[in-house]
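A.B. asks: Provided herewith: structure.tsv, TSV, C-alpha atoms.
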```
chain	number	residue	atom	x	y	z
O	1	MET	CA	-34.15	96.11	-3.20
O	2	ALA	CA	-34.44	92.37	-2.53
O	3	GLN	CA	-35.56	92.86	1.05
O	4	GLU	CA	-37.92	95.69	0.23
O	5	LEU	CA	-39.70	94.02	-2.66
O	6	ALA	CA	-40.09	90.83	-0.61
O	7	SER	CA	-41.87	92.74	2.18
O	8	GLN	CA	-44.78	93.85	-0.01
O	9	PRO	CA	-47.44	91.37	1.16
O	10	GLU	CA	-46.85	92.60	4.71
O	11	THR	CA	-46.90	96.31	3.83
O	12	TRP	CA	-50.02	95.91	1.68
O	13	ALA	CA	-51.81	94.19	4.53
O	14	ARG	CA	-50.82	96.98	6.88
O	15	ALA	CA	-52.00	99.67	4.46
O	16	ALA	CA	-55.38	97.95	4.21
O	17	THR	CA	-55.90	98.41	7.96
O	18	LEU	CA	-55.18	102.16	7.99
O	19	THR	CA	-58.79	103.26	8.04
O	20	SER	CA	-58.10	106.63	9.69
O	21	GLU	CA	-55.53	107.46	7.03
O	22	GLN	CA	-57.84	106.29	4.26
O	23	ALA	CA	-60.52	108.64	5.60
O	24	LEU	CA	-58.21	111.60	4.90
O	25	LEU	CA	-58.32	110.88	1.18
O	26	PRO	CA	-60.93	112.72	-0.93
O	27	SER	CA	-64.47	111.62	-0.25
O	28	ARG	CA	-66.84	110.07	-2.74
O	29	GLY	CA	-68.12	112.60	-5.24
O	30	ALA	CA	-65.15	114.96	-4.97
O	31	ARG	CA	-63.51	116.02	-8.22
O	32	ILE	CA	-59.78	115.55	-7.77
O	33	ALA	CA	-56.36	115.39	-9.38
O	34	VAL	CA	-53.58	113.04	-8.34
O	35	VAL	CA	-50.00	114.14	-9.01
O	36	GLY	CA	-46.57	112.57	-8.73
O	37	CYS	CA	-43.29	112.11	-10.58
O	38	GLY	CA	-41.86	108.94	-12.11
O	39	THR	CA	-43.15	105.90	-10.28
O	40	SER	CA	-45.63	107.99	-8.30
O	41	TRP	CA	-47.15	109.31	-11.54
O	42	PHE	CA	-47.78	105.75	-12.71
O	43	MET	CA	-49.45	104.86	-9.40
O	44	ALA	CA	-51.53	108.02	-9.76
O	45	GLN	CA	-52.75	106.76	-13.13
O	46	SER	CA	-53.88	103.47	-11.62
O	47	TYR	CA	-55.62	105.18	-8.68
O	48	ALA	CA	-57.35	107.67	-10.98
O	49	TRP	CA	-58.77	104.90	-13.17
O	50	LEU	CA	-59.98	102.86	-10.18
O	51	ARG	CA	-61.54	105.84	-8.42
O	52	GLU	CA	-63.38	107.24	-11.41
O	53	THR	CA	-64.62	103.95	-12.86
O	54	GLY	CA	-65.68	102.92	-9.35
O	55	GLY	CA	-68.06	105.86	-9.25
O	56	HIS	CA	-66.15	107.83	-6.61
O	57	GLY	CA	-65.78	110.98	-8.69
O	58	GLU	CA	-63.94	112.51	-11.60
O	59	THR	CA	-60.22	111.86	-11.13
O	60	ASP	CA	-57.32	113.07	-13.25
O	61	ALA	CA	-53.68	111.97	-12.99
O	62	PHE	CA	-50.77	114.24	-13.89
O	63	THR	CA	-47.03	114.26	-13.63
O	64	ALA	CA	-46.38	117.15	-11.27
O	65	SER	CA	-44.41	119.20	-13.79
O	66	GLU	CA	-47.26	119.13	-16.34
O	67	ALA	CA	-50.31	119.28	-14.09
O	68	PHE	CA	-53.38	121.36	-14.98
O	69	ILE	CA	-54.44	122.25	-11.46
O	70	ASP	CA	-56.64	125.30	-12.10
O	71	ARG	CA	-59.69	123.29	-13.12
O	72	GLY	CA	-61.87	123.70	-10.07
O	73	TYR	CA	-60.70	120.57	-8.30
O	74	ASP	CA	-62.06	119.91	-4.83
O	75	ALA	CA	-58.73	118.41	-3.79
O	76	VAL	CA	-55.31	117.43	-5.10
O	77	VAL	CA	-53.51	114.31	-3.87
O	78	ALA	CA	-49.70	114.51	-4.05
O	79	LEU	CA	-47.96	111.13	-3.99
O	80	THR	CA	-44.24	111.06	-3.25
O	81	ARG	CA	-41.91	108.65	-1.47
O	82	SER	CA	-39.34	111.24	-0.40
O	83	GLY	CA	-41.51	114.31	0.03
O	84	THR	CA	-38.61	116.34	-1.38
O	85	THR	CA	-39.22	116.19	-5.13
O	86	THR	CA	-38.92	119.74	-6.44
O	87	GLU	CA	-41.84	119.67	-8.88
O	88	VAL	CA	-44.24	118.32	-6.25
O	89	LEU	CA	-43.19	120.86	-3.62
O	90	GLU	CA	-43.57	123.74	-6.09
O	91	LEU	CA	-47.01	122.58	-7.17
O	92	VAL	CA	-48.27	122.22	-3.60
O	93	GLU	CA	-46.92	125.69	-2.76
O	94	ARG	CA	-48.98	127.11	-5.65
O	95	LEU	CA	-52.11	125.44	-4.28
O	96	ARG	CA	-51.79	126.58	-0.67
O	97	GLY	CA	-54.88	128.41	0.50
O	98	ARG	CA	-56.73	127.70	-2.76
O	99	VAL	CA	-57.26	123.95	-3.06
O	100	ARG	CA	-57.20	121.27	-0.37
O	101	THR	CA	-54.07	119.15	-0.67
O	102	ILE	CA	-53.44	115.66	0.69
O	103	GLY	CA	-49.93	114.25	0.69
O	104	VAL	CA	-49.25	110.51	0.64
O	105	ILE	CA	-45.63	110.41	1.71
O	106	GLY	CA	-43.02	107.82	2.66
O	107	ASP	CA	-40.71	110.04	4.71
O	108	ALA	CA	-42.67	111.41	7.66
O	109	SER	CA	-39.97	114.05	8.32
O	110	SER	CA	-40.01	115.50	4.81
O	111	PRO	CA	-40.88	119.15	4.07
O	112	LEU	CA	-44.04	118.17	2.21
O	113	VAL	CA	-45.67	117.04	5.47
O	114	ASP	CA	-45.96	120.64	6.64
O	115	LEU	CA	-47.01	122.02	3.26
O	116	VAL	CA	-50.13	119.92	2.65
O	117	ASP	CA	-53.46	120.27	4.42
O	118	GLU	CA	-53.50	116.58	5.32
O	119	ALA	CA	-50.52	114.22	5.43
O	120	VAL	CA	-50.83	110.46	5.12
O	121	THR	CA	-47.41	109.08	5.98
O	122	LEU	CA	-46.29	105.52	5.28
O	123	PRO	CA	-42.85	105.31	6.93
O	124	PHE	CA	-43.12	101.53	7.23
O	125	ALA	CA	-43.12	101.37	3.42
O	126	ASP	CA	-40.27	103.85	2.88
O	127	GLU	CA	-37.14	102.47	1.25
O	128	GLN	CA	-33.37	102.80	1.19
O	129	SER	CA	-32.98	101.56	-2.39
O	130	VAL	CA	-33.08	104.19	-5.10
O	131	VAL	CA	-35.24	101.79	-7.14
O	132	GLN	CA	-38.77	101.97	-5.71
O	133	THR	CA	-40.75	98.82	-5.11
O	134	ARG	CA	-42.80	98.61	-1.94
O	135	PHE	CA	-43.65	102.27	-1.35
O	136	ALA	CA	-45.36	102.59	-4.71
O	137	THR	CA	-47.44	99.45	-4.40
O	138	THR	CA	-48.24	100.07	-0.73
O	139	ALA	CA	-49.58	103.51	-1.59
O	140	LEU	CA	-51.71	101.93	-4.31
O	141	ALA	CA	-52.88	99.30	-1.81
O	142	LEU	CA	-53.94	102.14	0.49
O	143	PHE	CA	-55.83	103.79	-2.37
O	144	ARG	CA	-57.53	100.54	-3.35
O	145	ALA	CA	-58.59	99.85	0.23
O	146	SER	CA	-59.94	103.40	0.54
O	147	LEU	CA	-62.20	102.66	-2.44
O	148	GLY	CA	-63.65	99.63	-0.67
O	149	GLU	CA	-61.55	96.92	-2.32
O	150	GLU	CA	-60.73	93.74	-0.44
O	151	LEU	CA	-56.99	93.08	-0.80
O	152	ASP	CA	-56.70	89.51	0.51
O	153	GLY	CA	-56.56	88.10	-3.01
O	154	ALA	CA	-53.89	90.58	-4.12
O	155	ILE	CA	-51.79	89.83	-1.04
O	156	ALA	CA	-52.04	86.08	-1.64
O	157	ASP	CA	-51.05	86.62	-5.28
O	158	ALA	CA	-48.03	88.67	-4.18
O	159	GLU	CA	-46.93	85.83	-1.93
O	160	ARG	CA	-47.17	83.48	-4.92
O	161	ALA	CA	-45.19	85.93	-7.06
O	162	LEU	CA	-42.42	85.94	-4.46
O	163	ALA	CA	-42.37	82.17	-3.95
O	164	GLU	CA	-42.32	81.00	-7.56
O	165	GLU	CA	-39.10	80.16	-9.36
O	166	LEU	CA	-38.23	82.63	-12.10
O	167	ASP	CA	-38.21	81.22	-15.61
O	168	PRO	CA	-34.69	81.68	-17.07
O	169	GLU	CA	-36.23	82.36	-20.48
O	170	ILE	CA	-37.88	85.48	-19.10
O	171	VAL	CA	-34.86	86.61	-17.11
O	172	ASP	CA	-32.51	86.22	-20.09
O	173	ALA	CA	-34.71	87.87	-22.73
O	174	GLU	CA	-33.32	90.57	-25.01
O	175	GLN	CA	-36.22	93.01	-24.76
O	176	TYR	CA	-39.48	93.50	-22.82
O	177	THR	CA	-42.74	95.22	-23.64
O	178	PHE	CA	-45.28	95.61	-20.82
O	179	LEU	CA	-48.97	96.07	-21.54
O	180	GLY	CA	-52.05	96.78	-19.48
O	181	ARG	CA	-55.69	97.78	-19.64
O	182	GLY	CA	-57.59	100.14	-17.38
O	183	TRP	CA	-55.91	100.46	-13.99
O	184	SER	CA	-53.07	98.15	-14.99
O	185	VAL	CA	-51.73	100.53	-17.67
O	186	GLY	CA	-49.96	102.52	-14.95
O	187	LEU	CA	-48.52	99.30	-13.55
O	188	ALA	CA	-47.24	98.30	-16.99
O	189	HIS	CA	-45.47	101.65	-17.28
O	190	GLU	CA	-44.00	101.11	-13.82
O	191	ALA	CA	-42.76	97.62	-14.70
O	192	ALA	CA	-40.90	99.00	-17.69
O	193	LEU	CA	-39.36	101.75	-15.56
O	194	LYS	CA	-38.18	99.21	-12.97
O	195	MET	CA	-36.46	97.13	-15.63
O	196	ARG	CA	-34.70	100.19	-17.06
O	197	GLU	CA	-33.64	101.59	-13.70
O	198	ALA	CA	-32.45	98.40	-12.04
O	199	SER	CA	-30.94	96.46	-14.94
O	200	GLN	CA	-30.44	98.93	-17.82
O	201	SER	CA	-32.73	96.73	-19.91
O	202	TRP	CA	-34.47	97.65	-23.15
O	203	THR	CA	-38.11	98.03	-22.19
O	204	GLU	CA	-41.26	99.67	-23.52
O	205	SER	CA	-44.83	99.96	-22.24
O	206	TYR	CA	-48.23	100.71	-23.77
O	207	PRO	CA	-51.97	100.40	-23.25
O	208	ALA	CA	-52.73	96.95	-24.62
O	209	MET	CA	-55.02	98.07	-27.43
O	210	GLU	CA	-52.33	100.48	-28.70
O	211	TYR	CA	-49.73	97.73	-29.03
O	212	ARG	CA	-50.91	96.58	-32.44
O	213	HIS	CA	-50.84	100.17	-33.73
O	214	GLY	CA	-47.10	100.02	-34.38
O	215	PRO	CA	-45.23	98.81	-31.28
O	216	ILE	CA	-45.80	95.13	-32.11
O	217	SER	CA	-43.16	95.64	-34.81
O	218	ILE	CA	-40.51	95.27	-32.09
O	219	ALA	CA	-41.69	91.74	-31.16
O	220	ALA	CA	-39.31	88.94	-32.16
O	221	PRO	CA	-37.79	85.71	-30.85
O	222	ASN	CA	-36.02	86.09	-27.48
O	223	ARG	CA	-38.22	89.07	-26.64
O	224	VAL	CA	-41.10	89.20	-24.16
O	225	THR	CA	-44.50	90.86	-24.38
O	226	TRP	CA	-45.91	90.81	-20.85
O	227	HIS	CA	-49.56	91.67	-20.23
O	228	PHE	CA	-50.89	92.68	-16.81
O	229	GLY	CA	-54.46	91.49	-16.34
O	230	GLU	CA	-56.84	90.04	-18.90
O	231	ALA	CA	-55.50	90.55	-22.42
O	232	PRO	CA	-57.59	91.73	-25.39
O	233	SER	CA	-58.99	89.04	-27.64
O	234	GLY	CA	-56.55	87.88	-30.31
O	235	LEU	CA	-53.48	89.55	-28.81
O	236	ALA	CA	-51.76	86.30	-27.79
O	237	GLU	CA	-52.22	84.88	-31.28
O	238	ASP	CA	-50.85	88.02	-32.93
O	239	ILE	CA	-47.75	87.91	-30.75
O	240	ALA	CA	-47.24	84.19	-31.33
O	241	VAL	CA	-46.80	84.90	-35.05
O	242	THR	CA	-43.84	87.17	-34.26
O	243	GLY	CA	-41.95	84.49	-32.34
O	244	ALA	CA	-41.89	86.59	-29.17
O	245	ARG	CA	-42.91	85.12	-25.85
O	246	PHE	CA	-46.33	86.22	-24.62
O	247	GLU	CA	-46.49	86.34	-20.85
O	248	ALA	CA	-50.16	86.45	-19.85
O	249	GLY	CA	-50.40	87.91	-16.37
O	250	ARG	CA	-52.41	85.51	-14.27
O	251	LEU	CA	-52.13	87.32	-10.92
O	252	ASP	CA	-53.59	90.53	-9.53
O	253	ALA	CA	-51.85	93.27	-11.50
O	254	MET	CA	-49.98	94.59	-8.44
O	255	ALA	CA	-48.67	91.08	-7.80
O	256	GLU	CA	-47.72	90.79	-11.48
O	257	LEU	CA	-45.64	93.92	-10.95
O	258	VAL	CA	-43.87	92.11	-8.11
O	259	ARG	CA	-42.92	89.38	-10.60
O	260	ALA	CA	-41.49	92.01	-12.94
O	261	GLN	CA	-39.57	93.60	-10.05
O	262	ARG	CA	-38.00	90.22	-9.32
O	263	VAL	CA	-36.96	89.82	-12.96
O	264	ALA	CA	-35.44	93.30	-12.94
O	265	LEU	CA	-33.47	92.45	-9.81
O	266	ALA	CA	-32.29	89.11	-11.20
O	267	ARG	CA	-31.08	90.79	-14.39
O	268	ALA	CA	-29.26	93.47	-12.40
O	269	VAL	CA	-27.46	90.86	-10.31
O	270	ALA	CA	-26.55	88.83	-13.41
O	271	LYS	CA	-25.01	91.95	-14.98
O	272	GLY	CA	-23.09	92.87	-11.85
O	273	LEU	CA	-25.15	96.04	-11.35
O	274	ASN	CA	-26.23	97.55	-8.04
O	275	PRO	CA	-29.99	98.24	-8.25
O	276	ASP	CA	-29.84	100.22	-5.00
O	277	ALA	CA	-27.66	102.81	-6.70
O	278	PRO	CA	-28.38	102.85	-10.46
O	279	ARG	CA	-26.30	105.04	-12.70
O	280	ASN	CA	-27.44	108.65	-13.17
O	281	LEU	CA	-30.19	108.31	-10.51
O	282	THR	CA	-30.77	109.56	-6.98
O	283	ARG	CA	-33.48	108.71	-4.47
O	284	SER	CA	-35.22	112.03	-5.07
O	285	VAL	CA	-34.96	114.60	-7.85
O	286	VAL	CA	-34.13	117.92	-6.19
O	287	LEU	CA	-33.52	120.67	-8.75
O	288	ASP	CA	-31.37	123.77	-8.33
O	289	ALA	CA	-33.32	126.99	-7.91
```
Using C-alpha cells, write down the structure from this file.
C.D. replies:
Amino acid sequence: MAQELASQPETWARAATLTSEQALLPSRGARIAVVGCGTSWFMAQSYAWLRETGGHGETDAFTASEAFIDRGYDAVVALTRSGTTTEVLELVERLRGRVRTIGVIGDASSPLVDLVDEAVTLPFADEQSVVQTRFATTALALFRASLGEELDGAIADAERALAEELDPEIVDAEQYTFLGRGWSVGLAHEAALKMREASQSWTESYPAMEYRHGPISIAAPNRVTWHFGEAPSGLAEDIAVTGARFEAGRLDAMAELVRAQRVALARAVAKGLNPDAPRNLTRSVVLDA
C-alpha cells in the first residue's frame, strides 16, 4: 500500500497522456451510466458529477448491483480494478448487444476485457494490495483529463500531500467524518472506506450540507471532521463549538484523498495491522453461482 499510494503523481501524469484511451470514453452529448462496486462506485460518482456539470451529457452513477440500466443510455462505463467482480460481469453480460459498454480495467487479462465493446486498460495502475489507492485515483485522473481538465495542479498537490509530515493529532484521533461537495462527495466516501479497510477505524462520510442534519452530533474532542474542497459557509464555526478538529482540505480533492490514505496507512501500522490483507476482505468480490 505504501509503495502504491506514493506512486500516484506518476500514474496520474501517465493517465493524462492517454489520449487514445480517453477517446474511447463516451463522447460529449451522450447519455450514460457509470457503474462500479465499492471504491469504483465512489469514483463513478465523482466522474458523473464532473461530466454532467461540465456540460458533457446526462450522467448517472450506480453501484453495479443496484443499477437501473434500461433507461435508454447511449453507453455504460464499467469501472473495475480486477475485472472479475461478479456484479459488474453480470451487468455487462445483460447489456451485450443492446447498449455500448466501455470497461476501465486494471487487469488487462481479466474476463471483462472480452465482454465489453471497448476496453481501456490501466495495468500500470493495478495493485497488489487489497486496499485500493492508485487505481481508483488514476482512473479518475483519466476521466478528468478526458473532460478537458488540466491535471498539473492536482499532480503537484499530490506531491505535496506525500511530502508533508503527518500531524500526530490527526493520526491518533478517535473518529473521522469525511465531507465533500459536488465531485468531492465520492472522494469523501472513498476516504472513509480506506480508513475502515486499512485500519479498522470508526469513520463516516456525508455530503457537506447534510452533515448538520444529524451527523454533526457525533463530533467531539479527539475526533476529526475532514472536508474535501471548499467548505460551506459557517461549517467550520459549527464544528469548532463541538470541540472536534476541523480539517479544511486545502489541496485538490484527489490529493486530499492521498493525505487520508496516508493517515489510514499510518494508523494500520500503529495498530500492527496489515493493510495489504485486511480482515474479511479479498482483492475482488467473486460470488458463488
A.B. asks: Can you write out as a Markdown table which residues of region 88-163 of chain O fall within 9 Å of region 11-33 of chain O, alongside each residue's closest atom pair and its distance in Å to one decimal, counting only C-alpha atoms and ordering rows by chain and ascending residue number?
C.D. replies:
```
| residue | atom | partner | partner_atom | distance |
| --- | --- | --- | --- | --- |
| O:Ile102 | CA | O:Leu25 | CA | 6.8 |
| O:Glu118 | CA | O:Leu24 | CA | 6.9 |
| O:Ala119 | CA | O:Leu24 | CA | 8.1 |
| O:Val120 | CA | O:Glu21 | CA | 5.9 |
| O:Thr121 | CA | O:Glu21 | CA | 8.3 |
| O:Leu122 | CA | O:Ala15 | CA | 8.2 |
| O:Phe124 | CA | O:Thr11 | CA | 7.3 |
| O:Ala125 | CA | O:Thr11 | CA | 6.3 |
| O:Arg134 | CA | O:Thr11 | CA | 7.4 |
| O:Phe135 | CA | O:Thr11 | CA | 8.5 |
| O:Thr137 | CA | O:Trp12 | CA | 7.5 |
| O:Thr138 | CA | O:Trp12 | CA | 5.1 |
| O:Ala139 | CA | O:Ala15 | CA | 7.6 |
| O:Leu140 | CA | O:Trp12 | CA | 8.7 |
| O:Ala141 | CA | O:Trp12 | CA | 5.6 |
| O:Leu142 | CA | O:Ala15 | CA | 5.1 |
| O:Phe143 | CA | O:Gln22 | CA | 7.4 |
| O:Arg144 | CA | O:Ala16 | CA | 8.3 |
| O:Ala145 | CA | O:Ala16 | CA | 5.5 |
| O:Ser146 | CA | O:Gln22 | CA | 5.2 |
| O:Leu147 | CA | O:Arg28 | CA | 8.7 |
| O:Glu150 | CA | O:Ala16 | CA | 8.2 |
| O:Leu151 | CA | O:Ala16 | CA | 7.2 |
| O:Asp152 | CA | O:Ala13 | CA | 7.9 |
| O:Ala154 | CA | O:Trp12 | CA | 8.8 |
| O:Ile155 | CA | O:Trp12 | CA | 6.9 |
```
A.B. asks: Once you count all atoms listed in the file, what closest atom pair and distance in Å to one decimal does each residue of region 174-202 of chain O within 8 Å of region 41-53 of chain O have, with rows by chain and rising residue number, as a Markdown table?
C.D. replies:
```
| residue | atom | partner | partner_atom | distance |
| --- | --- | --- | --- | --- |
| O:Gly182 | CA | O:Trp49 | CA | 6.5 |
| O:Trp183 | CA | O:Ser46 | CA | 4.3 |
| O:Ser184 | CA | O:Ser46 | CA | 6.3 |
| O:Val185 | CA | O:Ser46 | CA | 7.1 |
| O:Gly186 | CA | O:Phe42 | CA | 4.5 |
| O:Leu187 | CA | O:Phe42 | CA | 6.5 |
| O:His189 | CA | O:Phe42 | CA | 6.6 |
| O:Glu190 | CA | O:Phe42 | CA | 6.1 |
```
A.B. asks: For CA of Ala253 (chain O) and CA of Ser7 (chain O), determine how far apart the two atoms are, in Å to one decimal place.
C.D. replies: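 Between these atoms lies a distance of 16.9 Å.
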A.B. asks: Looking at all atoms listed in the file, which of O:Leu89, O:Ile216, O:Met195, O:Ala231 is the one that sits closest to Ala268 (chain O)?
C.D. replies: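 The answer is O:Met195, which sits nearest to Ala268 (chain O).
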A.B. asks: Would you work out the distance separating CA of Asp70 (chain O) from CA of Ser40 (chain O), expressed in Å to one decimal?
C.D. replies: 20.9 Å
A.B. asks: Smallest atom-to-atom distance to Val269 (chain O): which of O:Thr86, O:Gln128, O:Ser109, O:Ser199, using all atoms listed in the file?
C.D. replies: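 Among O:Thr86, O:Gln128, O:Ser109, O:Ser199, it is O:Ser199 that comes nearest to Val269 (chain O).
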A.B. asks: CA of Phe246 (chain O) and CA of Ala270 (chain O), how far apart in Å?
C.D. replies: 22.9 Å
A.B. asks: May I have the residues within 12 Å of Val224 (chain O) as a PDB file with C-alpha atoms, in the coordinates of the input, using only C-alpha atoms and disregarding those fewer than 6 positions away in the same chain?
C.D. replies:
```pdb
ATOM      1  CA  GLU O 169     -36.230  82.360 -20.480  1.00  0.00           C
ATOM      2  CA  ILE O 170     -37.880  85.480 -19.100  1.00  0.00           C
ATOM      3  CA  VAL O 171     -34.860  86.610 -17.110  1.00  0.00           C
ATOM      4  CA  ASP O 172     -32.510  86.220 -20.090  1.00  0.00           C
ATOM      5  CA  ALA O 173     -34.710  87.870 -22.730  1.00  0.00           C
ATOM      6  CA  GLU O 174     -33.320  90.570 -25.010  1.00  0.00           C
ATOM      7  CA  GLN O 175     -36.220  93.010 -24.760  1.00  0.00           C
ATOM      8  CA  TYR O 176     -39.480  93.500 -22.820  1.00  0.00           C
ATOM      9  CA  THR O 177     -42.740  95.220 -23.640  1.00  0.00           C
ATOM     10  CA  PHE O 178     -45.280  95.610 -20.820  1.00  0.00           C
ATOM     11  CA  LEU O 179     -48.970  96.070 -21.540  1.00  0.00           C
ATOM     12  CA  ALA O 192     -40.900  99.000 -17.690  1.00  0.00           C
ATOM     13  CA  TRP O 202     -34.470  97.650 -23.150  1.00  0.00           C
ATOM     14  CA  THR O 203     -38.110  98.030 -22.190  1.00  0.00           C
ATOM     15  CA  GLU O 204     -41.260  99.670 -23.520  1.00  0.00           C
ATOM     16  CA  SER O 205     -44.830  99.960 -22.240  1.00  0.00           C
ATOM     17  CA  ILE O 216     -45.800  95.130 -32.110  1.00  0.00           C
ATOM     18  CA  ILE O 218     -40.510  95.270 -32.090  1.00  0.00           C
ATOM     19  CA  ALA O 236     -51.760  86.300 -27.790  1.00  0.00           C
ATOM     20  CA  ILE O 239     -47.750  87.910 -30.750  1.00  0.00           C
ATOM     21  CA  ALA O 240     -47.240  84.190 -31.330  1.00  0.00           C
ATOM     22  CA  THR O 242     -43.840  87.170 -34.260  1.00  0.00           C
ATOM     23  CA  GLY O 243     -41.950  84.490 -32.340  1.00  0.00           C
ATOM     24  CA  ALA O 244     -41.890  86.590 -29.170  1.00  0.00           C
ATOM     25  CA  ARG O 245     -42.910  85.120 -25.850  1.00  0.00           C
ATOM     26  CA  PHE O 246     -46.330  86.220 -24.620  1.00  0.00           C
ATOM     27  CA  GLU O 247     -46.490  86.340 -20.850  1.00  0.00           C
ATOM     28  CA  ALA O 248     -50.160  86.450 -19.850  1.00  0.00           C
ATOM     29  CA  ALA O 260     -41.490  92.010 -12.940  1.00  0.00           C
ATOM     30  CA  VAL O 263     -36.960  89.820 -12.960  1.00  0.00           C
TER      31      VAL O 263
END
```
A.B. asks: Skipping near chain neighbours, those fewer than 6 positions away, what residues fall within 10 Å of Leu273 (chain O) using all atoms listed in the file, listed as a PyMOL selection string?
C.D. replies: chain O and resi 198-200+265-267+279
A.B. asks: So, counting only C-alpha atoms, which residue among O:Leu112, O:Val34, O:Met209, O:Leu166 is closest to Ser233 (chain O)?
C.D. replies: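 Counting only C-alpha atoms, the residue closest to Ser233 (chain O) is O:Met209.
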A.B. asks: Using all atoms listed in the file, which residue out of O:Pro278, O:Gly83, O:Pro207, O:Gly106 lies closest to Pro123 (chain O)?
C.D. replies: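 The answer is O:Gly106, which sits nearest to Pro123 (chain O).
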A.B. asks: What's the 8 Å shell around Leu91 (chain O), counting all atoms listed in the file, without same-chain residues fewer than 3 positions away, as a list in words?
C.D. replies: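 Close residues of Leu91 (chain O): Ala64, Ser65, Glu87, Val88, Arg94 and Leu95 of chain O.
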A.B. asks: For Pro168 (chain O), which residue out of O:Gly103, O:Ala156, O:Arg262, O:Glu58 is the nearest one, using only C-alpha atoms?
C.D. replies: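 Nearest candidate to Pro168 (chain O) out of O:Gly103, O:Ala156, O:Arg262, O:Glu58: O:Arg262.
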